[in-house]
Amino acid sequence: QVQFVESGGGLVQPGGSLRLSCTASGSIASSSAMGWYRQAPGKQRERVATITANGSTNYPDSVKGRFTISKGDAKNTVYLQMNSLKSEDTAVYYCNTVVFPYSWGQGTQVTVSA
């Protein structure tokens with residue numbers, strides 16, 4: 001069974017930066033694309049960053065140029081570097097696979113506020 005543990009969230013002022021970490025326990029196929037998702041209060045969960053098995057990345061326009069997803073040296077570790085944060089980035093952030101996601105972890109809260 002795969003479990004995700006996200007960390008690194010917190011309270012940050014607009015324009016600030018945070019680096020989120022995700023570690024997955026269990027076995028994930030090496031061919032799996034990984035993604036960072038977020039869910040703001042009253043909104044649907046959305047994917048904000050994707051990294052494929054070969055390292056290709058993709059972002060929606062809302063975060064492009066500000067967020068960077070990367071893989072860690074340790075197996076099943078993924079990071080999300082978030083720069084130039086805006087109030088609309090406030091949400092709980094999760095990681096998971098892209099195709100056939102596993103059960104969701106607890107997520108990590110990111111609050112962008114002055």
# chains A, B, ... in the order shown; residues from 1 in each chain; ligands from 1
>>> select_by_dssp(residues="chain A", states="strand (DSSP E)", output="MDAnalysis selection string")
chainID A and resid 3:7 10:12 18:25 34:39 46:51 57:58 67:71 77:82 91:97 108:112
>>> residues_around(residues="Lys71 (chain A)", least_positions_apart="5", cutoff="12 Å", atoms="only C-alpha atoms", output="list in words")
Leu20, Ser21, Cys22, Thr23, Ala24, Ser30, Ala33, Met34, Gly35, Trp36, Ala49, Thr50, Ile51, Thr52, Ala53, Asn54, Gly55, Ser56, Thr57, Asn76, Thr77, Val78, Tyr79, Leu80, Gln81 and Cys95 of chain A
>>> atom_distance(atom1="CA of Thr97 (chain A)", atom2="CA of Ser27 (chain A)")
11.7 Å
>>> closest_residue(among="A:Tyr93, A:Ser17, A:Glu46, A:Val12", to="Gly105 (chain A)", atoms="only C-alpha atoms")
A:Tyr93
>>> residues_around(residues="Leu18 (chain A)", least_positions_apart="2", cutoff="12 Å", atoms="only C-alpha atoms", output="number ranges by chain")
A: 7-16, 20-21, 66-68, 79-86, 89-90, 93, 108-112
>>> atom_distance(atom1="CA of Gly26 (chain A)", atom2="CA of Pro60 (chain A)")
28.6 Å
>>> closest_residue(among="A:Ala114, A:Gly72, A:Lys64, A:Ser31", to="Ser87 (chain A)", atoms="only C-alpha atoms")
A:Ala114
